[in-house]
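In what follows, a structure is listed as structure tokens, so that the remarks can point back to it.
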Amino acid sequence: MIMESLQGLPAFALYFVSGYVMILLFTAIYTKITPHCEWSLMRENNSAAAVAFGLTVVGFTIPVASAAINSVGLLDFIIWGGVAMVTQLLTYFTVRFYMPKLTERLTANELPAGVFLGCCALATGILNAACMTY
């Protein structure tokens, strides 16, 4: 009985570790492309940066979870994780185009800018996840 329950453990571990690596890779890339340093701002108790970055990570993770559910194999999962990454990066650049002083506003701890960026990233993630079902 227990052995039957554990049959899926290797696949779980493979997908979980792969998903976690994608999240770490996304956060590394995201923090490199933004002109401000999210980690430094959050260490300084910058709420705007924390909200924006936190919701962006959630906005990326939701479609990664959807890809794990809907993928037909590991490569498919990783490809759709890449799609999720691209859509989140495009969302950041779109918000930055709409709000040219985004970095200055986040650095100044202007919470509305952080909430707006974070909500756009979350909305993108939800839409992305919904579009990944097939």
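The way I read the labels, and the way they are meant: chains A, B, ... in the order of the structure tokens, residue 1 as the first residue of every chain, and ligand 1 as the first ligand shown, with later ones counted on from there.
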Which range 37-116 of chain A residues have any atom within 10 Å of an atom of range 9-28 of chain A, and for each, what is the nearest pair of atoms with distance in Å to one decimal, counting only C-alpha atoms, rows sorted by chain and number, as a tab-separated table?
residue	atom	partner	partner_atom	distance
A:Glu38	CA	A:Thr27	CA	9.8
A:Phe53	CA	A:Thr27	CA	8.8
A:Thr56	CA	A:Thr27	CA	9.1
A:Val57	CA	A:Thr27	CA	7.2
A:Val58	CA	A:Ile23	CA	9.5
A:Phe60	CA	A:Ile23	CA	7.5
A:Thr61	CA	A:Ile23	CA	6.8
A:Val64	CA	A:Gly19	CA	6.7
A:Ala65	CA	A:Gly19	CA	7.8
A:Ala67	CA	A:Gly19	CA	9.4
A:Ala68	CA	A:Tyr15	CA	6.9
A:Ile69	CA	A:Tyr15	CA	9.8
A:Gly73	CA	A:Tyr15	CA	9.4
A:Leu74	CA	A:Tyr15	CA	7.1
A:Phe77	CA	A:Tyr15	CA	8.2
A:Ile78	CA	A:Ser18	CA	7.7
A:Gly81	CA	A:Met22	CA	6.9
A:Gly82	CA	A:Met22	CA	8.2
A:Ala84	CA	A:Phe26	CA	9.4
A:Met85	CA	A:Phe26	CA	6.4
A:Val86	CA	A:Phe26	CA	9.5
A:Gln88	CA	A:Phe26	CA	9.2
A:Leu89	CA	A:Phe26	CA	9.2
With C-alpha atoms kept, could you save the residues just selected as a PDB file, in the first residue's frame?
ATOM      1  CA  GLU A  38      15.055  44.301  -5.523  1.00  0.00           C
ATOM      2  CA  PHE A  53       8.761  41.516  -6.574  1.00  0.00           C
ATOM      3  CA  THR A  56       5.887  39.007  -9.727  1.00  0.00           C
ATOM      4  CA  VAL A  57       7.320  35.761  -8.342  1.00  0.00           C
ATOM      5  CA  VAL A  58       3.777  34.537  -7.630  1.00  0.00           C
ATOM      6  CA  PHE A  60       5.518  33.514 -12.554  1.00  0.00           C
ATOM      7  CA  THR A  61       4.903  30.532 -10.291  1.00  0.00           C
ATOM      8  CA  VAL A  64       4.736  27.135 -13.876  1.00  0.00           C
ATOM      9  CA  ALA A  65       2.327  25.174 -11.681  1.00  0.00           C
ATOM     10  CA  ALA A  67       2.563  23.801 -16.848  1.00  0.00           C
ATOM     11  CA  ALA A  68       3.401  21.056 -14.357  1.00  0.00           C
ATOM     12  CA  ILE A  69      -0.233  19.954 -14.342  1.00  0.00           C
ATOM     13  CA  GLY A  73       6.626  15.504 -20.256  1.00  0.00           C
ATOM     14  CA  LEU A  74       9.542  17.245 -18.591  1.00  0.00           C
ATOM     15  CA  PHE A  77       7.098  21.548 -18.744  1.00  0.00           C
ATOM     16  CA  ILE A  78      10.391  23.391 -19.139  1.00  0.00           C
ATOM     17  CA  GLY A  81       8.099  27.535 -17.949  1.00  0.00           C
ATOM     18  CA  GLY A  82      10.196  29.486 -20.454  1.00  0.00           C
ATOM     19  CA  ALA A  84       5.925  32.018 -18.518  1.00  0.00           C
ATOM     20  CA  MET A  85       9.281  33.704 -18.006  1.00  0.00           C
ATOM     21  CA  VAL A  86       9.062  35.606 -21.282  1.00  0.00           C
ATOM     22  CA  GLN A  88       6.567  38.096 -17.116  1.00  0.00           C
ATOM     23  CA  LEU A  89       9.558  39.942 -18.553  1.00  0.00           C
TER      24      LEU A  89
END
* Compile the contact shell of Ala52 in chain A as a PyMOL selection string: residues with an atom at most 10 Å away, counting only C-alpha atoms, same-chain residues fewer than 3 positions apart removed. => chain A and resi 38+47-49+55-57+106+111-122
* Extract, using only C-alpha atoms, all DNA, RNA and protein residues at most 9 Å from Thr103 in chain A, discarding same-chain residues fewer than 6 positions from it, and format them as number ranges by chain. => A: 34-36, 96
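Each of A:Val83, A:Leu90, A:Leu41, A:Ala50 was compared to Ser66 in chain A using only C-alpha atoms, and A:Val83 turns out to be the nearest.
One finds CA of Pro63 in chain A at 28.4 Å from CA of Asn45 in chain A.
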* Run DSSP on the backbone of this structure and report the residues of range 10-134 of chain A it assigns to helix (DSSP H, G or I), as a PyMOL selection string. => chain A and resi 10-33+38-43+47-70+74-98+102-107+111-131
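With only C-alpha atoms as the atoms that count, the minimum distance from Thr133 in chain A to the choices A:Asn70, A:Asn109, A:Thr87, A:Thr94 is reached by A:Asn70.
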